[in-house]
Amino acid sequence: MVQVNNFSFGYTKRKILYNNLTLTLEKGKIYGMLGRNGAGKSTFLKNLSGLLFPTKGHIYVSGLEPKKRLPSFLEKIYFIPEEVYVPSIPLARYIRLFSPFYPEFSKTDFDKYLDMLEVDYTAHLKSLSFGQQKKFIIAFALACNTPLLLLDEPTNGLDIPSKAQFRRLIASVMDDDRIIFISTHQTRDLENLIDTVLIVDNGELLLNASMEQINKKLSFKTLGDIPTDIPILYSEKTFGGYSVVTENLGNEENQLNLEHLFNTVVLKPDPIKKLFLAQ
Amino acid sequence: MQLLGTFVLSYSVATLIYFLLKSMGNFEVAQLLAFSIGLVGGGCLLASLVFGYFSDMASGASYLTLPVSALEKWLCAVLLVGLYTGCFLLFFRELDRLFVHIYHSSLNKQDPRYQNQYNAVYIFRYFDESLEVFVFFLNAVTAMLVGSLFFNRVSFIKVSLVLCGLYFFTFFLNYIIGSILFKGMVRSFPFHSLSIRNGKEVGILVMPPAWSRLNDLISIYILPGILLLVSYIRLKEKEI
């Protein structure tokens, strides 16, 4: 479990990115953090992985503080940054060199994931394309079986079939002991994958809700015209009508649209906060 | 590969310098210069590379999140520089032995100057003739380790510039203070001596032995020790 207590962070004293953030990430869930470019998504992931230290407050991952970067903590997390780094060695040698650092690493899993992502096991890492290198790192990270997996813009650099492979793979590896935390600004890549949505803007956590809660509270519809009898939280002209987001007053079943959810939350943060606080 | 390349590059440069200067007839200068450049230059280059992961975010993240303690990562870096030093000393000894042997073999035993020519060239004695080089090496390499953790890109050049700046600043400050304290000062060497003109004579004022010992103590043990400690703390506290 990840516990974030009164977390504050700023690159300079004047520009505080996060102020007094408190949140809990529970095991067995896939979290999706959405935010604009520069909203602080990567900064948050870096704080969770111990690459940056909180200015105030504390973060605990399984009871350990990331900023101490103890080996016992580091072997429990795997952080995949947006741009991945691979040394100039063959893939098989990388496995021989780095897998012993992760006690839960499974070679069988690794071979399976590599196969699913269609990466050649005999390749030299530097000869792989950027997308292939990223898929290799994703396969390695998943095979490490760390309780916390942090992915920063994981689908950037992946082609369309690879994005689908990635989603299938993430869904297949999820278990009750794991937390997968994905930060992205590409909402479509996370649809039907995540359990909980976190939306940040200007360093503020605007939404922290499960998909179930969102479906219960909000309604996503495409209508011929904008209705006037109910308050509209967000509307967007689409082909053949309007996509609207409203409060889900009738407890209707509906298909959540992450992009529209994100726009709604960013444009109307106060009504959304009010709505989700009234549980 | 980068580290291996540094080994090969430094050894090749040292060999080339030795060969060229020896061919020009100055064995003593060839030995000292090749040794200094190989040891200090190669050592500094390697020290600037052992923490070279921070030149980009991806490799820095990969290095810092590798499940190994900061002490182990730091020790690895220090040991690599130590390994370079040990290998260079062995390599240079063999290179020197070979060149000296070639020189001795090329001498004409019938020549009346044979004995003098033979004795003029001998194997370079590491600690007798190059203590200053070792002291400089220790300080420069440890400074480079610290610098590479502060400057993420082209740390070798940046730290070299800082060291040169510090070197000239020390000379300048020493000269200014010497000029204020001693009338007729001609030349001054920081932490060593200064020359003073008295009429037509020039005398040398050497630092008192106690101060000289303190200077040695600081430059051989205390300063490199502090720099090593700072590099460890910096690595532990490094954020990217």
# chains A, B, ... in the order shown; residues from 1 in each chain; ligands from 1

call {"tool": "interface_residues", "arguments": {"of": "chain A", "to": "chain B", "cutoff": "9 Å", "atoms": "only C-alpha atoms", "output": "count of residues only"}}
result
31

call {"tool": "residues_around", "arguments": {"residues": "Asn254 (chain A)", "least_positions_apart": "3", "cutoff": "8 Å", "atoms": "only C-alpha atoms", "output": "PyMOL selection string"}}
result
chain A and resi 215+219-221

call {"tool": "select_by_dssp", "arguments": {"residues": "region 2-235 of chain B", "states": "strand (DSSP E or B)", "output": "number ranges by chain"}}
result
B: 185-189, 193-198, 201-206

call {"tool": "write_last_selection", "arguments": {"atoms": "C-alpha atoms", "output": "short mmCIF file (atom, residue, chain, number, x, y, z; two decimals), in the first residue's frame"}}
result
data_model
loop_
_atom_site.label_atom_id
_atom_site.label_comp_id
_atom_site.auth_asym_id
_atom_site.auth_seq_id
_atom_site.Cartn_x
_atom_site.Cartn_y
_atom_site.Cartn_z
CA MET B 185 58.67 39.89 -3.96
CA VAL B 186 59.55 38.47 -7.37
CA ARG B 187 57.70 35.17 -7.55
CA SER B 188 55.48 33.09 -5.34
CA PHE B 189 54.34 29.48 -5.29
CA SER B 193 57.85 29.32 -1.31
CA LEU B 194 58.36 32.85 -2.53
CA SER B 195 61.34 34.66 -4.05
CA ILE B 196 62.34 38.07 -2.74
CA ARG B 197 64.77 40.50 -4.33
CA ASN B 198 67.25 42.11 -1.98
CA GLU B 201 70.33 39.10 -4.99
CA VAL B 202 67.19 36.99 -5.09
CA GLY B 203 66.48 34.85 -2.06
CA ILE B 204 63.94 32.08 -1.60
CA LEU B 205 61.73 31.98 1.44
CA VAL B 206 60.42 28.48 2.00
#

call {"tool": "closest_residue", "arguments": {"among": "A:Thr187, A:Ser172, A:Thr24, A:Thr43", "to": "Asp109 (chain A)", "atoms": "only C-alpha atoms"}}
result
A:Ser172

call {"tool": "atom_distance", "arguments": {"atom1": "CA of Ser105 (chain B)", "atom2": "CA of Phe19 (chain B)"}}
result
16.3 Å

call {"tool": "residues_around", "arguments": {"residues": "Arg167 (chain A)", "least_positions_apart": "6", "cutoff": "12 Å", "atoms": "only C-alpha atoms", "output": "ChimeraX atom specification"}}
result
/A:30,116-117,135,138,154-155,158,160-161,173-174,182,188-194
